[in-house]
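Read through the structure below, which is laid out as C-alpha cells, and then see the notes.
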Amino acid sequence: MSDANLFAQQESNRRRSTWLIIGFVVFFAWVGFGGDIAVGLLTADAPPGSYHHAVPIFGIVTTLLAGGLCWYAWRFGSRQVLWATGAWELIEPATAEQKQLVNVVEEMAIASGLPRPRIWIVPDADPNAFATGRDPATASIAVTEGLLATLSRDELQGVVAHEMAHVRNLDIRLMTLLAAMVGAIALMSDGMGRLMRGGFRVGGGGGGGRGGRSGKGGGNPLALVLLVLWLLTLVVAPILSRLLAMAVNRKREYLADATGAQFTRNPAALASALEKLSAAAAPTRAITQGAAHLCIVDPSGNRFTSAEGAVADVFASHPPIAQRIIRLRGMAFQQAKREGEYLPADAPGAG
Amino acid sequence: MGAIILLVLLALVALWLVSAYNSLISLKNQVVNAWKQIDVQLKRRHDLIPNLVNTVKGAMDFERSTLEAVIAARNRAVAATGVQQTARADGELTQALGRLFALAENYPELKSNQNVLQLQEELTSTENRIGFARQAYNDVATDYNTKQMQFPTNLVAGLAKASPAELWEIEDAGDRAVPTVDLSLNRPPSA
C-alpha cells in the first residue's frame, strides 16, 4: 500500500472511531432521556402529591455511564478483549514454538516499521489469531495454541503479517472499541429488558392507571409511540451493533491480507495458512461472539463465511475465505511472473 | 510598497530554504538509523555463528573445510565496512551457511539436536530480519537520493552536506554460483 493510501486508511479509522464513540454516547443518552420522557409523560397526569418525574435522572445516569464506558473501552478495551479469551502474555518463550512466534513477530515488526507488539497466547486448540489495541504502541497480537501447532513458519509469518497490517492501518482501534461496545450494549439491553419486565409487573399491579391514561388522551399517544420506539431500540440495538461490527470488518480483511502479503512478500504462505485455518472448522471456543470480528478467520466456524451471496454478506463477520485465498493466490502468481519464477507445476493449488 | 513585496519574497525563500534543508537532514538521519537497524541484526548473526560451529563441530568433523569456510566468511563479514562490502560479505556468509545446513541434513543426530534446531531458527529469523531491515533501508535511502537530486531541493543539497547513500544491492547466492565463462585470451595465468 502506498503511503497516501495508508494515511487515508488510518485517517478513516480515526474518524470512524470518533463517530463510534459519539454514536455510542448518543445512543445511551437516547435510552436514558427517552426513558425519562416516557416516565415523565406517564406520571404527568398523576394526582398532585404523588411522584412526578421532573428531573431527567435516567438520562443523566446513562449518558455519564456511556462516557465512562467509552473511556474504559479506550483505555482498557484491548485488555478486556484479551481477558475474555483467557489469553496469557508470552514474555519468556519456553518452547521452540513460542520462540519461533516471538521471532516471527519481531521480524514482522521490522517489516512493517512498527514497534514490536505484545504477544499473547490463547489456550485453544482451534487455530485462530487476532490483534487488538488502541494504536501501534499499545498493540497486542494473540494467537491460539492450535495456530502454533498447525502452521509452518512461513504460514505463521503470513498470519502475523496480516495482524500487523491491522495494527498499522489502525483497524485495531476501531475493532477493539466495537468489541467493547457490542459487549456493553448487549449487557445493557439485557439489563434493561429485565428492568422493563419488572417495571411492567409493577405497572400491572397498579392497573387503575391505565384507564385513567386513555381517558385523558393528549400527550399519551406520544408517550406510547416514544415508549414503543424506545423499546424497539433496546431490542434491536444488540443485533444492529453486532451487524455493524461485522460489516465494518469484512472489507478490512482483504486489505489486511494484501498489506500482510506486502510485508512478507509471500502471499502464497498466507493463502495456505488460510486454507489450513478454514479446514480446521471447529469453533474457537475461547473467543466469544463479541470479539469475532477481530479474528483472522471467523471463530464460530460459521457456515456463512464459506458461503457467498446476500445473506452471507450481511451475517458473516468475515469475507468468504475461498475468495481471500483466490485473491492471495492471484497475488502470488503475479509476483512469480514478475520475478520470472512461474512454473506450471507451482500453479495455484499446489501449495 | 516594492520593498515590502521584496521582503515578503525574501522571507518566503528563507522559509523554503529552512524547510528543504531540514527535510534533507531528517532523511539523512533516517538513512543512518535504518543502517543501524541492519547493523544490529548483522552483529546478532555474527554472534550466533561461533555457537553454531561449536555445536556441529563434533558431529561434522570430517566436513572441516565447510566449517572453515563459514568461519572465514563470518570473519570477513565482521571486518567489512561500507554498504557494498558489507552486502557482499553478508551474501557470502549466507551462501556458506546454506552449504553447512545442506550438509547437516546428512547427519540424523544433528537434525534432531535441539541446540542445532534452535540455532537454525535463530539464524533463519536473523536472516529474515536483515532482509526486512534491508528493504526499509533501501526505501529510505532511495527517498533520500531522489530528494537531493530533485529540483529545487538539489540547490540546498550541498548546504546540507547531502551525498547519495549507497543502496544494498541484493546479490543472490544463486546468481553468483553460476560460473562465468571467460573466453578472453589476455587473462593472467594465475586466474
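Chain labels follow the order of the C-alpha cells: the first chain is A, the next B, and so on; residue numbering restarts at 1 in every chain, and ligands are counted from 1 in their shown order.
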
Return the neighbours of chain A among the residues of chain B, cut-off 8 Å, counting only C-alpha atoms, as a list in words.
Gln118, Glu121, Glu122, Ser125, Asn128, Arg129, Phe132, Ala133, Gln135 and Ala136 of chain B

Identify, on the basis of only C-alpha atoms, every residue whose closest approach to Val235 of chain A does not exceed 10 Å; exclude the query and any residue fewer than 3 positions from it along the same chain; express the result as a PyMOL selection string.
chain A and resi 186+189-190+192-193+229-232+238-240

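Distance annotation: of B:Leu103, B:Ala162, B:Leu48, B:Met1, the residue with the minimal separation from Met60 of chain B is B:Leu103; atom set is only C-alpha atoms.
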
Grab the atom CA of Ile71 of chain B to atom CA of Asn138 of chain B distance for me, in Å with one decimal place.
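Taking atom CA of Ile71 of chain B as the start and atom CA of Asn138 of chain B as the end point, the length is 28.1 Å.
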
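As for atom CA of Ala79 of chain B and atom CA of His46 of chain B, they are spaced 10.7 Å apart.
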
I'd like the neighbourhood of Asn266 of chain A as a list in words, where a residue qualifies if any of its atoms comes within 12 Å (using only C-alpha atoms), though same-chain residues fewer than 4 positions away should be ignored.
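Final neighbour list, sorted by chain and number: Arg153, Asp154, Glu155, Leu156, Gln157, Gly158, Val159, Ala161, His162, Asp257, Ala258, Thr259, Gly260, Ala261, Gln262, Leu270, Ala271, Ser272, Ala273, Leu328, Arg329, Gly330, Met331, Ala332, Phe333, Gln334, Gln335 and Ala336 of chain A.
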
Mind checking DSSP for chain B and telling me the helix (DSSP H, G or I) residues as an MDAnalysis selection string?
chainID B and resid 2:57 61:79 83:104 108:111 114:149 154:157 173:177

Residues within 12 Å of Ile49 of chain B, only C-alpha atoms, excluding chain neighbours under 2 positions, as a PyMOL selection string
chain B and resi 42-47+51-57+67-75+77-78+93-94+96-97+100+116+119-120+122-124+126

Write the residues of the selection above to a file with N, CA, C and O atoms, as a short mmCIF file (atom, residue, chain, number, x, y, z; two decimals), in the first residue's frame.
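Output below, filename result_24.cif:
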data_model
loop_
_atom_site.label_atom_id
_atom_site.label_comp_id
_atom_site.auth_asym_id
_atom_site.auth_seq_id
_atom_site.Cartn_x
_atom_site.Cartn_y
_atom_site.Cartn_z
N LEU B 42 23.02 -7.72 11.82
CA LEU B 42 24.25 -8.36 11.33
C LEU B 42 25.10 -8.83 12.50
O LEU B 42 25.64 -9.93 12.50
N LYS B 43 25.19 -7.98 13.51
CA LYS B 43 26.01 -8.32 14.67
C LYS B 43 25.43 -9.56 15.36
O LYS B 43 26.16 -10.47 15.75
N ARG B 44 24.11 -9.59 15.47
CA ARG B 44 23.43 -10.73 16.08
C ARG B 44 23.77 -12.01 15.31
O ARG B 44 24.07 -13.05 15.91
N ARG B 45 23.79 -11.88 14.00
CA ARG B 45 24.10 -13.05 13.19
C ARG B 45 25.55 -13.50 13.40
O ARG B 45 25.83 -14.68 13.56
N HIS B 46 26.45 -12.51 13.41
CA HIS B 46 27.86 -12.85 13.58
C HIS B 46 28.10 -13.51 14.94
O HIS B 46 28.95 -14.38 15.08
N ASP B 47 27.33 -13.08 15.95
CA ASP B 47 27.49 -13.66 17.28
C ASP B 47 26.96 -15.09 17.35
O ASP B 47 27.41 -15.89 18.16
N ASN B 51 28.70 -20.10 17.95
CA ASN B 51 27.90 -21.09 18.69
C ASN B 51 27.54 -22.26 17.80
O ASN B 51 27.65 -23.42 18.18
N LEU B 52 27.09 -21.92 16.60
CA LEU B 52 26.66 -22.96 15.66
C LEU B 52 27.84 -23.86 15.32
O LEU B 52 27.74 -25.09 15.37
N VAL B 53 28.96 -23.23 15.02
CA VAL B 53 30.14 -24.01 14.62
C VAL B 53 30.56 -24.94 15.76
O VAL B 53 30.83 -26.12 15.55
N ASN B 54 30.57 -24.42 16.98
CA ASN B 54 30.95 -25.26 18.12
C ASN B 54 29.98 -26.42 18.32
O ASN B 54 30.38 -27.51 18.71
N THR B 55 28.70 -26.16 18.05
CA THR B 55 27.70 -27.21 18.29
C THR B 55 27.82 -28.34 17.28
O THR B 55 27.68 -29.51 17.63
N VAL B 56 28.10 -27.98 16.02
CA VAL B 56 28.13 -29.03 15.00
C VAL B 56 29.52 -29.62 14.80
O VAL B 56 29.67 -30.62 14.13
N LYS B 57 30.52 -29.00 15.42
CA LYS B 57 31.90 -29.40 15.17
C LYS B 57 32.13 -30.88 15.39
O LYS B 57 32.72 -31.57 14.56
N LEU B 67 33.16 -26.01 7.49
CA LEU B 67 33.14 -25.22 8.72
C LEU B 67 34.11 -24.06 8.63
O LEU B 67 33.80 -22.94 9.03
N GLU B 68 35.28 -24.35 8.08
CA GLU B 68 36.28 -23.28 7.98
C GLU B 68 35.80 -22.18 7.04
O GLU B 68 36.03 -21.00 7.28
N ALA B 69 35.11 -22.59 5.98
CA ALA B 69 34.58 -21.59 5.04
C ALA B 69 33.58 -20.69 5.75
O ALA B 69 33.58 -19.47 5.55
N VAL B 70 32.75 -21.29 6.62
CA VAL B 70 31.77 -20.49 7.35
C VAL B 70 32.49 -19.50 8.26
O VAL B 70 32.16 -18.31 8.30
N ILE B 71 33.51 -20.01 8.98
CA ILE B 71 34.22 -19.13 9.92
C ILE B 71 34.92 -18.00 9.16
O ILE B 71 34.87 -16.83 9.57
N ALA B 72 35.55 -18.37 8.02
CA ALA B 72 36.26 -17.34 7.25
C ALA B 72 35.28 -16.29 6.74
O ALA B 72 35.53 -15.08 6.82
N ALA B 73 34.12 -16.77 6.23
CA ALA B 73 33.12 -15.83 5.71
C ALA B 73 32.62 -14.93 6.83
O ALA B 73 32.41 -13.73 6.64
N ARG B 74 32.45 -15.53 8.00
CA ARG B 74 31.97 -14.76 9.14
C ARG B 74 32.99 -13.67 9.50
O ARG B 74 32.62 -12.52 9.74
N ASN B 75 34.26 -14.04 9.53
CA ASN B 75 35.28 -13.06 9.90
C ASN B 75 35.38 -11.94 8.88
O ASN B 75 35.56 -10.78 9.24
N ALA B 77 32.87 -10.92 7.13
CA ALA B 77 31.66 -10.10 7.31
C ALA B 77 31.82 -9.16 8.50
O ALA B 77 31.39 -8.02 8.47
N VAL B 78 32.46 -9.66 9.57
CA VAL B 78 32.67 -8.81 10.75
C VAL B 78 33.56 -7.63 10.39
O VAL B 78 33.33 -6.50 10.84
N LEU B 93 28.44 -15.05 3.36
CA LEU B 93 28.16 -15.76 4.61
C LEU B 93 26.88 -16.58 4.48
O LEU B 93 26.82 -17.74 4.91
N THR B 94 25.86 -15.97 3.87
CA THR B 94 24.59 -16.68 3.66
C THR B 94 24.83 -17.95 2.86
O THR B 94 24.31 -19.02 3.18
N ALA B 96 27.70 -19.67 2.52
CA ALA B 96 28.47 -20.64 3.29
C ALA B 96 27.56 -21.36 4.29
O ALA B 96 27.64 -22.58 4.47
N LEU B 97 26.68 -20.59 4.94
CA LEU B 97 25.75 -21.20 5.90
C LEU B 97 24.80 -22.15 5.21
O LEU B 97 24.47 -23.22 5.73
N LEU B 100 26.47 -25.34 4.75
CA LEU B 100 26.60 -26.04 6.02
C LEU B 100 25.30 -26.74 6.38
O LEU B 100 25.29 -27.93 6.74
N VAL B 116 20.94 -27.41 17.75
CA VAL B 116 21.12 -27.07 16.34
C VAL B 116 19.84 -26.49 15.78
O VAL B 116 19.84 -25.48 15.08
N LEU B 119 19.44 -22.99 17.02
CA LEU B 119 20.36 -22.07 16.34
C LEU B 119 19.91 -21.81 14.91
O LEU B 119 20.00 -20.69 14.41
N GLN B 120 19.41 -22.90 14.29
CA GLN B 120 18.94 -22.74 12.92
C GLN B 120 17.77 -21.77 12.86
O GLN B 120 17.70 -20.90 12.00
N GLU B 122 17.15 -19.38 15.02
CA GLU B 122 17.64 -18.03 15.28
C GLU B 122 18.30 -17.43 14.04
O GLU B 122 18.12 -16.26 13.73
N LEU B 123 19.08 -18.28 13.34
CA LEU B 123 19.76 -17.77 12.14
C LEU B 123 18.76 -17.45 11.04
O LEU B 123 18.88 -16.43 10.36
N THR B 124 17.73 -18.30 10.90
CA THR B 124 16.68 -18.03 9.91
C THR B 124 16.02 -16.70 10.21
O THR B 124 15.84 -15.84 9.34
N THR B 126 17.15 -14.23 12.01
CA THR B 126 18.06 -13.09 11.81
C THR B 126 18.19 -12.75 10.34
O THR B 126 18.20 -11.58 9.96
#

Set the distance at 10 Å and use only C-alpha atoms: which residues neighbour segment 31-41 of chain A once local chain neighbours fewer than 5 positions away are removed? I'd like the list as a ChimeraX atom specification.
/A:25-26,46,51-63,188-189,192,213,219-231,233-234

Would you write out those residues with C-alpha atoms, as a compact mmCIF listing (two decimals), in the first residue's frame?
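Final output, result_19.txt:
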# COMPACT_ATOMS: atom_id res chain seq x y z
CA VAL A 25 -22.96 8.12 23.81
CA VAL A 26 -25.93 9.44 21.81
CA ALA A 46 -50.71 11.62 38.34
CA TYR A 51 -44.40 11.14 42.14
CA HIS A 52 -43.72 13.40 39.13
CA HIS A 53 -40.72 12.56 37.01
CA ALA A 54 -39.33 16.07 36.51
CA VAL A 55 -35.56 15.59 36.69
CA PRO A 56 -34.19 13.50 33.76
CA ILE A 57 -32.24 11.34 36.13
CA PHE A 58 -32.10 8.27 33.83
CA GLY A 59 -30.71 10.34 31.00
CA ILE A 60 -28.01 11.86 33.13
CA VAL A 61 -27.04 8.49 34.55
CA THR A 62 -26.93 6.65 31.20
CA THR A 63 -25.03 9.48 29.49
CA MET A 188 -27.31 -3.02 28.83
CA SER A 189 -30.10 -4.35 26.61
CA MET A 192 -32.92 -3.01 30.62
CA ARG A 213 -54.46 7.49 30.88
CA GLY A 219 -49.81 13.61 25.38
CA ASN A 220 -50.40 9.95 25.91
CA PRO A 221 -50.28 8.70 22.30
CA LEU A 222 -46.95 10.45 22.04
CA ALA A 223 -45.82 8.70 25.22
CA LEU A 224 -46.90 5.41 23.74
CA VAL A 225 -45.11 6.00 20.44
CA LEU A 226 -41.99 7.03 22.31
CA LEU A 227 -42.22 4.02 24.54
CA VAL A 228 -42.58 1.67 21.58
CA LEU A 229 -39.72 3.32 19.75
CA TRP A 230 -37.63 3.18 22.88
CA LEU A 231 -38.35 -0.49 23.46
CA THR A 233 -34.19 0.41 20.16
CA LEU A 234 -33.43 -1.77 23.13

May I have all residues of segment 65-201 of chain A that DSSP, computed from the backbone, assigns to strand (DSSP E), given as a count of residues only?
16

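Note that the spacing between atom CA of Leu167 of chain B and atom CA of Ala80 of chain B amounts to 15.6 Å.
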
Using only C-alpha atoms, pick whichever of A:Ser317, A:Thr43, A:Thr138, A:Ser17 has the shortest atom-to-atom distance to Ser78 of chain A.
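Of all the options, A:Thr138 lies closest to Ser78 of chain A.
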
Could you give me, as a ChimeraX atom specification, the residues within 10 Å of Arg79 of chain A, counting only C-alpha atoms and dropping anything in the same chain fewer than 6 positions from it?
/A:73,87,132-133,140,176
